[in-house]
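The structure appears below as structure tokens.
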Amino acid sequence: MFPFSRRAVGFAPLLLGLLAACAEQEPATDARRVFRYNQPESLTSLDPAFARNQANTWAVTQLYNGLVELDDSLKPGPSVARRYDISPDGRRYTFTLRPDVRFHDSEVFPGGKGRRVTAHDFVYSFRRLLDGATASPGGWIFRGKVLEKADGEPSDTCFVAVNDSTLRIHLQEPFIPFLGILTMPYAYVVPREAVQKWGKDFREHPVGTGPFRFKEWDEGNAIIYHRNPTYWKTDARGQRLPYLDAVQISFIQDRKTEFLTFMQGKLDFLSGIRSGSRDLIMYPDGTVREDFKGKFRLQKVPYLNTEYLGMQQDLTNLRGDNLTTGKALQDKRVRQALNYALNKPEFLAYFLNNVGKPGNSGFVPASLPSFSAEKVPGYTYQPEKARQLLRAAGYGPGKPLRLRLNTVAESKEFCEYYQKKWAEVGVQVEIDVNQGAAHGEMIDNGRAAFFTRSWLGDYPDAENYLALFYSPNFAPAGPNKTHFKRPAYDQLYQQAKLEQDADKRYALYQQMDRLVTEECPVIAVYYDEVVRLTQNNVQGLTPNPMNQLVLERVKKQ
């Protein structure tokens with residue numbers, strides 16, 4: 001018997017017991033309409049103010065809604081707000097709310113019946129994000145963007161409930177991706193009554209507006225949601241959503257156990273599989289092996305994540321070998337040579353079964369609409385060109401280039417491949433492996449000259465990636481880890497932030513990406529993809545590059 005069988009089987013009695021306990025209050029639940037997924041990473045809160053990682057985000061997405069939401073093409077559209085208007089100067093957003101959205105039934109409301117959502121609830125929810133007492137990591141979505149007082153605190157008029165159905169948000173200056181930011185779980189609406197009753201324990205007593213209602217959280221074992229019978233959305237035929245009766249989230253941490261549990265049919269969905277399981281079901285070219293064809297559906301989906309190598313441009317905080325490396329990396333020719341020396345397609349085939357696309361263009365990933373390999377030509381595998389650039393920079397057999405690369409244990413094997421390719425063009429690289437937290441701290445504080453990193457998009461706009469090279473965003477306060485600074489780039493970034501015409505804005509994005517590619521403060525190794533496995537009886541689970549999990553239209557046959 002597999003070592004995971006006792007725990008995996010244990011989910012079913014828990015679920016059935018919880019369903020039976022509610023049979024008197026709700027219609028009988030068909031166990032065939034229970035969607036089961038696993039969450040191997042830590043899930044810390046069901047409060048959207050703390051939806052900072054995939055685990056929390058997936059869980060809260062089933063419970064809450066925001067003003068707007070992303071469609072399948074990653075464009076923001078109406079949700080709780082049935083329509084919205086943006087002023088000609090781009091600084092005032094007016095949202096008209098639907099009249100039929102109600103919070104879940106809960107003891108926090110009179111008579112236990114959920115009340116209607118109003119504009120005042122959004123004002124409360126947004127101000128709560130910015131309240132230091134909440135300690136939410138999501139305050140950045142508004143800070144520096146909405147109208148502020150002279151001391152930098154949010155203005156009393158940045159969020160205004162004109163009446164119960166009308167909400168206004170005032171920005172300091174136009175910010176084109178703002179609607180996309182409002183689709184993030186941080187911006188979901190919560191009721192004041194529940195937060196005031198539960199305080200910090202709201203994390204485990206969530207009350208939202210979404211397709212499912214919270215039922216039970218047995219920490220370390222399972223979370224159970226039930227269908228929200230009064231959910232405000234319907235399908236094209238007028239049938240009330242969701243189709244599922246319940247959602248069950250398990251917490252199998254071991255990835256091999258998780259995969260085997262899926263193969264036993266005890267999970268309906270799996271996102272992201274580790275190398276051992278990936279090699280088991282996929283050929284190196286990314287196609288499904290014959291033994292597994294037809295047993296489940298496999299989708300390889302673009303993911304808003306760029307895996308890259310960063311090169312610190314600021315020598316101030318570098319010491320020892322990192323300072324020596326940093327000085328060498330001040331020469332753009334060296335940075336470019338390191339890029340040309342990597343065979344990115346070979347790397348993807350050998351290590352990742354071609355899950356991902358070679359980073360042969362700019363930093364912006366291929367899944368965003370502004371991406372253009374033609375307009376942002378990058379670096380392909382050209383070892384001889386790498387050698388020429390190194391010779392021009394003064395390096396060769398008599399004066400070899402020696403560097404130190406900082407990484408974490410999970411990326412060590414990848415770095416050994418880079419090390420081998422760089423050695424082929426005469427560059428000697430020593431790999432320094434650190435714990436994840438220490439690695440991140442070194443990078444944020446400018447003490448790592450050459451490092452591995454990734455950037456997962458917060459919202460689907462290239463601005464979120466290009467912000468990594470805007471000089472006011474220097475780490476540790478901002479995302480500019482390399483301290484890249486070019487006045488021409490900053491000017492383009494400021495111009496793009498104000499450009500409301502999408503095509504003109506995309507052209508500015510491409511111009512910025514070309515500049516970054518030429519200066520090469522980073523090496524884009526690959527644009528990530530995610531492998532999603534789904535049981536054959538699951539319908540309506542559509543992927544997108546944000547790797548969202550939206551279950552309101554999912555069916556099981």
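Chain labels follow the order of the structure tokens: the first chain is A, the next B, and so on; residue numbering restarts at 1 in every chain, and ligands are counted from 1 in their shown order.
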Within 8 Å of stretch 86-98 of chain A, counting only C-alpha atoms, which residues qualify if same-chain residues fewer than 4 places away don't, as a CSV table (one decimal) with N, CA, C and O atoms, in the first residue's frame?
```csv
chain,number,residue,atom,x,y,z
A,67,LEU,N,-14.7,44.3,-7.8
A,67,LEU,CA,-15.5,45.2,-8.7
A,67,LEU,C,-15.4,44.7,-10.1
A,67,LEU,O,-16.4,44.7,-10.8
A,80,VAL,N,-18.8,42.6,-9.6
A,80,VAL,CA,-19.8,43.3,-8.7
A,80,VAL,C,-20.2,44.6,-9.3
A,80,VAL,O,-21.3,45.1,-9.1
A,81,ALA,N,-19.3,45.3,-9.9
A,81,ALA,CA,-19.6,46.5,-10.7
A,81,ALA,C,-20.2,46.1,-12.0
A,81,ALA,O,-19.5,45.4,-12.8
A,82,ARG,N,-21.4,46.5,-12.3
A,82,ARG,CA,-22.0,46.1,-13.6
A,82,ARG,C,-21.5,47.0,-14.7
A,82,ARG,O,-21.6,46.6,-15.9
A,118,THR,N,-22.8,47.1,-0.7
A,118,THR,CA,-22.9,48.4,-1.2
A,118,THR,C,-21.5,49.0,-1.4
A,118,THR,O,-20.5,48.4,-1.1
A,119,ALA,N,-21.5,50.2,-2.0
A,119,ALA,CA,-20.3,51.0,-2.2
A,119,ALA,C,-19.5,51.2,-0.9
A,119,ALA,O,-18.3,51.2,-0.9
A,165,SER,N,-25.0,52.5,-4.4
A,165,SER,CA,-24.7,51.8,-5.7
A,165,SER,C,-23.5,52.4,-6.5
A,165,SER,O,-23.2,51.9,-7.5
A,166,THR,N,-22.9,53.5,-6.0
A,166,THR,CA,-21.9,54.2,-6.8
A,166,THR,C,-20.7,54.4,-6.0
A,166,THR,O,-20.7,55.0,-4.9
A,167,LEU,N,-19.6,54.0,-6.5
A,167,LEU,CA,-18.2,54.1,-5.9
A,167,LEU,C,-17.3,54.9,-6.8
A,167,LEU,O,-17.3,54.7,-8.0
A,168,ARG,N,-16.6,55.8,-6.2
A,168,ARG,CA,-15.6,56.6,-7.0
A,168,ARG,C,-14.2,56.4,-6.4
A,168,ARG,O,-14.1,56.4,-5.1
A,169,ILE,N,-13.2,56.2,-7.2
A,169,ILE,CA,-11.8,56.1,-6.8
A,169,ILE,C,-11.1,57.2,-7.5
A,169,ILE,O,-11.2,57.4,-8.8
A,170,HIS,N,-10.3,58.0,-6.8
A,170,HIS,CA,-9.6,59.1,-7.3
A,170,HIS,C,-8.1,58.8,-7.3
A,170,HIS,O,-7.5,58.5,-6.2
A,171,LEU,N,-7.4,58.9,-8.4
A,171,LEU,CA,-6.0,58.7,-8.5
A,171,LEU,C,-5.2,60.0,-8.5
A,171,LEU,O,-5.7,61.0,-8.9
A,172,GLN,N,-3.9,59.9,-8.1
A,172,GLN,CA,-3.1,61.1,-8.2
A,172,GLN,C,-2.7,61.5,-9.6
A,172,GLN,O,-2.7,62.6,-10.0
A,173,GLU,N,-2.5,60.4,-10.4
A,173,GLU,CA,-2.2,60.6,-11.8
A,173,GLU,C,-2.7,59.4,-12.6
A,173,GLU,O,-3.0,58.3,-11.9
A,174,PRO,N,-2.9,59.5,-13.9
A,174,PRO,CA,-3.4,58.3,-14.6
A,174,PRO,C,-2.4,57.1,-14.4
A,174,PRO,O,-1.2,57.2,-14.3
A,175,PHE,N,-3.0,55.9,-14.3
A,175,PHE,CA,-2.3,54.7,-14.2
A,175,PHE,C,-3.0,53.6,-15.0
A,175,PHE,O,-4.0,53.1,-14.5
A,176,ILE,N,-2.6,53.4,-16.2
A,176,ILE,CA,-3.4,52.6,-17.1
A,176,ILE,C,-3.7,51.2,-16.6
A,176,ILE,O,-4.8,50.7,-16.8
```
Near A:Gln535, counting only C-alpha atoms, which residues have an atom at most 10 Å away, once you skip same-chain residues fewer than 5 positions from it, shown as a short mmCIF file (atom, residue, chain, number, x, y, z; two decimals) with all heavy atoms, in the first residue's frame?
```cif
data_model
loop_
_atom_site.label_atom_id
_atom_site.label_comp_id
_atom_site.auth_asym_id
_atom_site.auth_seq_id
_atom_site.Cartn_x
_atom_site.Cartn_y
_atom_site.Cartn_z
N PHE A 262 -3.51 11.87 -7.52
CA PHE A 262 -4.24 12.26 -8.74
C PHE A 262 -4.44 11.06 -9.65
O PHE A 262 -5.52 10.84 -10.19
CB PHE A 262 -3.48 13.37 -9.47
CG PHE A 262 -4.08 13.72 -10.80
CD1 PHE A 262 -5.15 14.59 -10.90
CD2 PHE A 262 -3.58 13.17 -11.98
CE1 PHE A 262 -5.72 14.92 -12.13
CE2 PHE A 262 -4.12 13.48 -13.21
CZ PHE A 262 -5.20 14.36 -13.29
N MET A 263 -3.38 10.27 -9.83
CA MET A 263 -3.47 9.11 -10.71
C MET A 263 -4.46 8.08 -10.18
O MET A 263 -5.03 7.31 -10.95
CB MET A 263 -2.09 8.47 -10.89
CG MET A 263 -1.09 9.34 -11.64
SD MET A 263 -1.70 9.88 -13.26
CE MET A 263 -1.90 8.31 -14.09
N GLY A 265 -7.25 8.91 -9.02
CA GLY A 265 -8.56 9.51 -9.22
C GLY A 265 -9.11 10.21 -8.00
O GLY A 265 -10.30 10.55 -7.96
N LYS A 266 -8.27 10.45 -6.98
CA LYS A 266 -8.74 11.07 -5.74
C LYS A 266 -8.55 12.59 -5.73
O LYS A 266 -8.89 13.26 -4.77
CB LYS A 266 -8.03 10.44 -4.54
CG LYS A 266 -8.39 8.96 -4.36
CD LYS A 266 -7.58 8.32 -3.26
CE LYS A 266 -7.93 6.84 -3.13
NZ LYS A 266 -7.08 6.16 -2.13
N LEU A 267 -7.97 13.12 -6.80
CA LEU A 267 -7.91 14.56 -7.04
C LEU A 267 -8.41 14.81 -8.45
O LEU A 267 -8.17 14.00 -9.36
CB LEU A 267 -6.48 15.09 -6.90
CG LEU A 267 -5.84 15.06 -5.51
CD1 LEU A 267 -4.36 15.44 -5.60
CD2 LEU A 267 -6.57 15.99 -4.55
N ASP A 268 -9.10 15.93 -8.64
CA ASP A 268 -9.66 16.24 -9.96
C ASP A 268 -8.73 17.07 -10.81
O ASP A 268 -8.91 17.17 -12.02
CB ASP A 268 -10.98 17.00 -9.79
CG ASP A 268 -12.05 16.15 -9.12
OD1 ASP A 268 -12.33 15.06 -9.65
OD2 ASP A 268 -12.59 16.56 -8.07
N PHE A 269 -7.72 17.66 -10.18
CA PHE A 269 -6.92 18.66 -10.88
C PHE A 269 -5.55 18.75 -10.23
O PHE A 269 -5.41 18.59 -9.01
CB PHE A 269 -7.65 20.01 -10.79
CG PHE A 269 -6.81 21.22 -11.06
CD1 PHE A 269 -6.51 21.59 -12.35
CD2 PHE A 269 -6.35 22.01 -10.00
CE1 PHE A 269 -5.74 22.73 -12.59
CE2 PHE A 269 -5.60 23.14 -10.24
CZ PHE A 269 -5.29 23.51 -11.54
N LEU A 270 -4.54 19.01 -11.05
CA LEU A 270 -3.17 19.15 -10.56
C LEU A 270 -2.50 20.24 -11.38
O LEU A 270 -2.58 20.24 -12.61
CB LEU A 270 -2.42 17.83 -10.74
CG LEU A 270 -1.22 17.53 -9.85
CD1 LEU A 270 -1.59 17.57 -8.38
CD2 LEU A 270 -0.65 16.17 -10.21
N GLY A 294 -4.90 9.63 -22.97
CA GLY A 294 -6.30 9.33 -22.73
C GLY A 294 -6.67 9.12 -21.27
O GLY A 294 -7.85 9.09 -20.93
N LYS A 295 -5.67 9.02 -20.39
CA LYS A 295 -5.99 8.79 -18.98
C LYS A 295 -6.40 10.07 -18.26
O LYS A 295 -7.08 10.03 -17.23
CB LYS A 295 -4.79 8.16 -18.27
CG LYS A 295 -4.50 6.74 -18.75
CD LYS A 295 -3.42 6.08 -17.91
CE LYS A 295 -3.21 4.63 -18.34
NZ LYS A 295 -2.17 3.95 -17.54
N PHE A 296 -5.97 11.20 -18.78
CA PHE A 296 -6.33 12.50 -18.23
C PHE A 296 -6.03 13.54 -19.30
O PHE A 296 -5.45 13.23 -20.34
CB PHE A 296 -5.54 12.82 -16.95
CG PHE A 296 -4.07 12.57 -17.07
CD1 PHE A 296 -3.24 13.48 -17.72
CD2 PHE A 296 -3.49 11.42 -16.54
CE1 PHE A 296 -1.88 13.24 -17.84
CE2 PHE A 296 -2.13 11.18 -16.65
CZ PHE A 296 -1.33 12.09 -17.31
N ARG A 297 -6.45 14.77 -19.05
CA ARG A 297 -6.13 15.85 -19.98
C ARG A 297 -4.91 16.61 -19.47
O ARG A 297 -4.84 16.97 -18.30
CB ARG A 297 -7.31 16.81 -20.14
CG ARG A 297 -8.49 16.21 -20.89
CD ARG A 297 -9.44 17.29 -21.39
NE ARG A 297 -9.98 18.09 -20.31
CZ ARG A 297 -11.03 17.74 -19.58
NH1 ARG A 297 -11.64 16.59 -19.82
NH2 ARG A 297 -11.47 18.54 -18.63
N LEU A 298 -3.96 16.84 -20.36
CA LEU A 298 -2.76 17.59 -20.03
C LEU A 298 -2.75 18.88 -20.84
O LEU A 298 -2.92 18.85 -22.06
CB LEU A 298 -1.50 16.78 -20.30
CG LEU A 298 -0.16 17.44 -19.95
CD1 LEU A 298 0.86 16.40 -19.51
CD2 LEU A 298 0.42 18.22 -21.15
N LYS A 556 -18.65 18.40 -13.24
CA LYS A 556 -18.11 17.04 -13.25
C LYS A 556 -19.19 16.09 -13.74
O LYS A 556 -20.32 16.15 -13.28
CB LYS A 556 -17.65 16.63 -11.85
CG LYS A 556 -16.35 17.27 -11.40
CD LYS A 556 -15.97 16.85 -9.99
CE LYS A 556 -15.64 15.38 -9.91
NZ LYS A 556 -15.21 14.97 -8.55
#
```
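With atom CA of A:Val364 on one side and atom CA of A:Leu498 on the other, the separation reads 19.3 Å.
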Shell around A:Asn464 at 12 Å using only C-alpha atoms, local window under 4 positions removed, as a PyMOL selection string: chain A and resi 141+175-178+180-181+304-306+363-365+368+455-460+468-470+473+478-480+493+496-497+509
Write out the residues from the selection above, keeping N, CA, C and O atoms, as a short mmCIF file (atom, residue, chain, number, x, y, z; two decimals), in the first residue's frame.
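Generated output (out_15.cif):
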```
data_model
loop_
_atom_site.label_atom_id
_atom_site.label_comp_id
_atom_site.auth_asym_id
_atom_site.auth_seq_id
_atom_site.Cartn_x
_atom_site.Cartn_y
_atom_site.Cartn_z
N ILE A 141 -1.20 47.99 -3.75
CA ILE A 141 -2.03 48.13 -4.96
C ILE A 141 -2.66 49.52 -5.03
O ILE A 141 -3.02 49.97 -6.12
N PHE A 175 -3.03 55.92 -14.25
CA PHE A 175 -2.26 54.68 -14.17
C PHE A 175 -3.04 53.63 -14.96
O PHE A 175 -4.03 53.07 -14.48
N ILE A 176 -2.60 53.38 -16.17
CA ILE A 176 -3.36 52.59 -17.12
C ILE A 176 -3.69 51.18 -16.61
O ILE A 176 -4.80 50.69 -16.78
N PRO A 177 -2.77 50.47 -15.93
CA PRO A 177 -3.11 49.10 -15.48
C PRO A 177 -4.01 49.05 -14.25
O PRO A 177 -4.19 47.98 -13.68
N PHE A 178 -4.59 50.18 -13.84
CA PHE A 178 -5.31 50.20 -12.56
C PHE A 178 -6.49 49.23 -12.54
O PHE A 178 -6.73 48.56 -11.53
N GLY A 180 -6.69 46.42 -14.06
CA GLY A 180 -6.11 45.09 -13.88
C GLY A 180 -5.75 44.84 -12.42
O GLY A 180 -5.94 43.74 -11.90
N ILE A 181 -5.24 45.86 -11.74
CA ILE A 181 -4.91 45.73 -10.32
C ILE A 181 -6.16 45.44 -9.51
O ILE A 181 -6.15 44.65 -8.55
N LEU A 304 2.57 33.74 -16.50
CA LEU A 304 3.16 35.07 -16.39
C LEU A 304 4.34 35.06 -15.42
O LEU A 304 4.30 35.66 -14.35
N ASN A 305 5.39 34.36 -15.82
CA ASN A 305 6.57 34.26 -14.98
C ASN A 305 7.80 34.23 -15.88
O ASN A 305 7.86 33.46 -16.85
N THR A 306 8.77 35.08 -15.57
CA THR A 306 10.04 35.08 -16.29
C THR A 306 11.14 34.64 -15.33
O THR A 306 11.33 35.23 -14.27
N PHE A 363 12.48 40.96 -21.55
CA PHE A 363 12.13 40.47 -20.22
C PHE A 363 10.63 40.17 -20.11
O PHE A 363 10.22 39.31 -19.34
N VAL A 364 9.82 40.90 -20.86
CA VAL A 364 8.37 40.71 -20.82
C VAL A 364 8.03 39.34 -21.40
O VAL A 364 8.47 39.01 -22.50
N PRO A 365 7.24 38.53 -20.69
CA PRO A 365 6.98 37.16 -21.16
C PRO A 365 6.08 37.10 -22.38
O PRO A 365 5.31 38.04 -22.67
N LEU A 368 1.99 37.93 -22.75
CA LEU A 368 1.35 39.25 -22.68
C LEU A 368 1.16 39.83 -24.08
O LEU A 368 1.97 39.60 -24.97
N TRP A 455 10.36 36.45 -11.79
CA TRP A 455 9.35 37.49 -11.57
C TRP A 455 8.01 36.98 -12.07
O TRP A 455 7.81 36.76 -13.25
N LEU A 456 7.10 36.78 -11.11
CA LEU A 456 5.74 36.34 -11.42
C LEU A 456 4.84 37.56 -11.41
O LEU A 456 4.77 38.28 -10.42
N GLY A 457 4.16 37.80 -12.52
CA GLY A 457 3.35 39.00 -12.66
C GLY A 457 2.23 39.09 -11.65
O GLY A 457 1.54 38.11 -11.38
N ASP A 458 2.06 40.28 -11.09
CA ASP A 458 0.95 40.53 -10.16
C ASP A 458 -0.35 40.79 -10.92
O ASP A 458 -1.44 40.50 -10.42
N TYR A 459 -0.23 41.39 -12.08
CA TYR A 459 -1.40 41.69 -12.91
C TYR A 459 -0.94 41.65 -14.38
O TYR A 459 0.24 41.80 -14.68
N PRO A 460 -1.87 41.40 -15.30
CA PRO A 460 -1.48 41.10 -16.68
C PRO A 460 -1.21 42.32 -17.53
O PRO A 460 -1.91 42.62 -18.50
N LEU A 468 10.60 46.72 -13.00
CA LEU A 468 11.83 46.20 -12.42
C LEU A 468 13.07 46.97 -12.86
O LEU A 468 14.17 46.74 -12.33
N PHE A 469 12.91 47.90 -13.81
CA PHE A 469 14.07 48.64 -14.33
C PHE A 469 13.88 50.14 -14.21
O PHE A 469 14.69 50.91 -14.74
N TYR A 470 12.83 50.56 -13.52
CA TYR A 470 12.55 51.98 -13.29
C TYR A 470 13.34 52.41 -12.05
O TYR A 470 13.21 51.81 -10.98
N ASN A 473 12.31 52.64 -8.34
CA ASN A 473 11.87 51.37 -7.73
C ASN A 473 13.02 50.54 -7.18
O ASN A 473 12.90 49.33 -7.03
N GLY A 478 11.57 48.65 -3.57
CA GLY A 478 10.88 48.36 -4.82
C GLY A 478 11.44 47.12 -5.50
O GLY A 478 12.35 46.46 -4.98
N PRO A 479 10.92 46.81 -6.70
CA PRO A 479 11.31 45.56 -7.37
C PRO A 479 12.56 45.65 -8.24
O PRO A 479 12.95 44.64 -8.84
N ASN A 480 13.19 46.81 -8.33
CA ASN A 480 14.38 46.96 -9.17
C ASN A 480 15.59 46.35 -8.45
O ASN A 480 16.35 47.03 -7.78
N TYR A 493 9.20 55.07 -19.37
CA TYR A 493 8.29 54.45 -18.39
C TYR A 493 7.22 55.45 -17.95
O TYR A 493 6.03 55.11 -17.88
N ALA A 496 4.77 55.93 -20.79
CA ALA A 496 3.88 54.77 -20.99
C ALA A 496 2.79 54.72 -19.94
O ALA A 496 1.66 54.32 -20.22
N LYS A 497 3.09 55.13 -18.70
CA LYS A 497 2.10 55.11 -17.63
C LYS A 497 0.90 56.00 -17.94
O LYS A 497 -0.20 55.75 -17.45
N TYR A 509 6.26 50.16 -24.51
CA TYR A 509 6.73 48.99 -23.76
C TYR A 509 7.84 48.27 -24.54
O TYR A 509 8.86 47.86 -23.97
#
```
Quick one: which stretch 18-111 of chain A residues come within 8 Å of stretch 219-231 of chain A, and what is the nearest atom pair for each with the distance in Å to one decimal, counting only C-alpha atoms, rows ordered by chain and ascending number, as a tab-separated table?
```
residue	atom	partner	partner_atom	distance
A:Val101	CA	A:Tyr231	CA	7.6
A:Arg102	CA	A:Tyr231	CA	7.8
A:His104	CA	A:Asn228	CA	7.4
```
Those residues with N, CA and C atoms, as a tab-separated table (two decimals), in the first residue's frame please?
```tsv
chain	number	residue	atom	x	y	z
A	101	VAL	N	-26.07	41.58	-5.47
A	101	VAL	CA	-24.93	40.89	-4.87
A	101	VAL	C	-25.07	40.96	-3.35
A	102	ARG	N	-25.06	39.78	-2.71
A	102	ARG	CA	-25.22	39.71	-1.26
A	102	ARG	C	-24.06	38.93	-0.64
A	104	HIS	N	-22.52	36.22	1.95
A	104	HIS	CA	-22.99	34.90	2.37
A	104	HIS	C	-23.79	35.00	3.67
```
Can you pull out the residues contacting stretch 36-38 of chain A? Cut-off 12 Å, using only C-alpha atoms, and skip same-chain residues under 4 positions away; I want them as a count of residues only. 53
For A:Pro137, please output as a list of chain:residue names all residues within 8 Å (counting only C-alpha atoms; exclusion window: fewer than 2 positions along the same chain). A:Ala49, A:Phe50, A:Arg52, A:Ala135, A:Gly139, A:Trp140
Give me the residues within 8 Å of stretch 409-411 of chain A as a PyMOL selection string, counting only C-alpha atoms and dropping any in the same chain fewer than 3 places off. chain A and resi 414-415+433-435+452
Selection export as a compact mmCIF listing (two decimals), in the first residue's frame, atoms kept: N, CA and C atoms:
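After the write, out03.txt holds the following:
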```
# COMPACT_ATOMS: atom_id res chain seq x y z
N PHE A 414 20.33 23.62 -12.36
CA PHE A 414 20.25 24.54 -13.49
C PHE A 414 21.55 25.34 -13.60
N CYS A 415 22.01 25.82 -12.46
CA CYS A 415 23.21 26.66 -12.45
C CYS A 415 24.45 25.88 -12.90
N VAL A 433 25.47 28.49 -3.07
CA VAL A 433 24.10 28.08 -2.75
C VAL A 433 23.72 28.60 -1.36
N ASN A 434 22.58 29.29 -1.28
CA ASN A 434 22.10 29.84 -0.02
C ASN A 434 20.67 29.39 0.26
N GLN A 435 20.23 29.53 1.50
CA GLN A 435 18.83 29.31 1.84
C GLN A 435 17.98 30.40 1.16
N THR A 452 20.28 34.22 -9.36
CA THR A 452 19.10 33.65 -10.00
C THR A 452 17.86 34.25 -9.36
```
How would you write, as a PyMOL selection string, the set of residues in stretch 262-441 of chain A that DSSP gives as strand (DSSP E)? chain A and resi 269-271+297-311+357-358+401-408+427-434
When DSSP works through the backbone of this structure, what residues of stretch 265-426 of chain A end up as helix (DSSP H, G or I), shown as number ranges by chain? A: 275-281, 290-292, 320-328, 332-340, 344-352, 383-392, 409-424
Output for the residues just chosen: C-alpha atoms as an mmCIF file, in the first residue's frame:
```
data_model
loop_
_atom_site.group_PDB
_atom_site.id
_atom_site.type_symbol
_atom_site.label_atom_id
_atom_site.label_comp_id
_atom_site.auth_asym_id
_atom_site.auth_seq_id
_atom_site.Cartn_x
_atom_site.Cartn_y
_atom_site.Cartn_z
ATOM 1 C CA SER A 275 10.685 16.735 -12.689
ATOM 2 C CA GLY A 276 10.286 13.059 -11.690
ATOM 3 C CA SER A 277 6.556 12.984 -12.425
ATOM 4 C CA ARG A 278 7.051 15.188 -15.479
ATOM 5 C CA ASP A 279 9.588 12.747 -16.927
ATOM 6 C CA LEU A 280 7.173 9.913 -16.177
ATOM 7 C CA ILE A 281 4.322 11.331 -18.273
ATOM 8 C CA GLU A 290 1.949 6.624 -24.868
ATOM 9 C CA ASP A 291 1.185 4.942 -21.513
ATOM 10 C CA PHE A 292 -0.696 8.016 -20.308
ATOM 11 C CA GLY A 320 34.743 40.108 -1.552
ATOM 12 C CA ASP A 321 34.106 37.822 -4.520
ATOM 13 C CA ASN A 322 30.778 39.537 -5.110
ATOM 14 C CA LEU A 323 32.556 42.864 -5.521
ATOM 15 C CA THR A 324 35.047 41.299 -7.947
ATOM 16 C CA THR A 325 32.129 39.823 -9.897
ATOM 17 C CA GLY A 326 30.231 43.099 -9.789
ATOM 18 C CA LYS A 327 33.152 45.043 -11.213
ATOM 19 C CA ALA A 328 33.461 42.595 -14.121
ATOM 20 C CA LYS A 332 28.012 45.520 -20.975
ATOM 21 C CA ARG A 333 30.004 43.269 -23.321
ATOM 22 C CA VAL A 334 30.540 40.784 -20.481
ATOM 23 C CA ARG A 335 26.837 40.760 -19.662
ATOM 24 C CA GLN A 336 25.934 40.182 -23.300
ATOM 25 C CA ALA A 337 28.544 37.428 -23.677
ATOM 26 C CA LEU A 338 27.055 35.508 -20.742
ATOM 27 C CA ASN A 339 23.670 35.701 -22.474
ATOM 28 C CA TYR A 340 24.920 34.530 -25.880
ATOM 29 C CA LYS A 344 18.209 28.035 -23.790
ATOM 30 C CA PRO A 345 16.274 25.573 -26.023
ATOM 31 C CA GLU A 346 18.680 22.784 -25.025
ATOM 32 C CA PHE A 347 18.257 23.719 -21.353
ATOM 33 C CA LEU A 348 14.450 23.582 -21.594
ATOM 34 C CA ALA A 349 14.426 20.227 -23.354
ATOM 35 C CA TYR A 350 16.943 18.639 -20.986
ATOM 36 C CA PHE A 351 15.624 19.905 -17.650
ATOM 37 C CA LEU A 352 11.987 20.889 -18.179
ATOM 38 C CA PRO A 383 29.063 30.892 -28.421
ATOM 39 C CA GLU A 384 31.528 32.367 -30.901
ATOM 40 C CA LYS A 385 29.942 35.791 -30.529
ATOM 41 C CA ALA A 386 30.228 35.364 -26.759
ATOM 42 C CA ARG A 387 33.969 34.666 -27.124
ATOM 43 C CA GLN A 388 34.412 37.729 -29.343
ATOM 44 C CA LEU A 389 32.708 39.979 -26.805
ATOM 45 C CA LEU A 390 34.837 38.585 -23.987
ATOM 46 C CA ARG A 391 38.025 39.184 -25.982
ATOM 47 C CA ALA A 392 36.890 42.737 -26.693
ATOM 48 C CA ALA A 409 19.322 24.620 -3.659
ATOM 49 C CA GLU A 410 16.342 24.086 -5.997
ATOM 50 C CA SER A 411 18.197 25.857 -8.833
ATOM 51 C CA LYS A 412 21.643 24.355 -8.260
ATOM 52 C CA GLU A 413 21.311 21.807 -11.067
ATOM 53 C CA PHE A 414 20.246 24.538 -13.491
ATOM 54 C CA CYS A 415 23.214 26.658 -12.454
ATOM 55 C CA GLU A 416 25.597 23.775 -13.054
ATOM 56 C CA TYR A 417 24.322 23.682 -16.643
ATOM 57 C CA TYR A 418 24.917 27.441 -17.016
ATOM 58 C CA GLN A 419 28.352 26.937 -15.472
ATOM 59 C CA LYS A 420 29.197 24.318 -18.107
ATOM 60 C CA LYS A 421 28.052 26.509 -21.020
ATOM 61 C CA TRP A 422 29.993 29.506 -19.713
ATOM 62 C CA ALA A 423 33.102 27.365 -19.260
ATOM 63 C CA GLU A 424 32.869 26.490 -22.964
#
```
Straight-line distance linking atom CA of A:Gly238 with atom CA of A:Gly114, stated in Å to one decimal: 22.3 Å
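Interatomic distance, atom CA of A:Tyr186 to atom CA of A:Pro302: 23.3 Å.
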For A:Gln196, please output as number ranges by chain all residues within 12 Å (counting only C-alpha atoms; exclusion window: fewer than 3 positions along the same chain). A: 108-109, 124, 128, 134, 190-193, 199-202, 205-207
Residue among A:Ala393, A:Arg486, A:Phe371, A:Leu401 lying closest to A:Tyr465, counting only C-alpha atoms: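 Looking at the shortest contact to A:Tyr465, the residue is A:Phe371.
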Using only C-alpha atoms, which of the listed residues (A:Ser367, A:Gln539, A:Glu307, A:Val425) sits closest to A:Glu552? A:Gln539
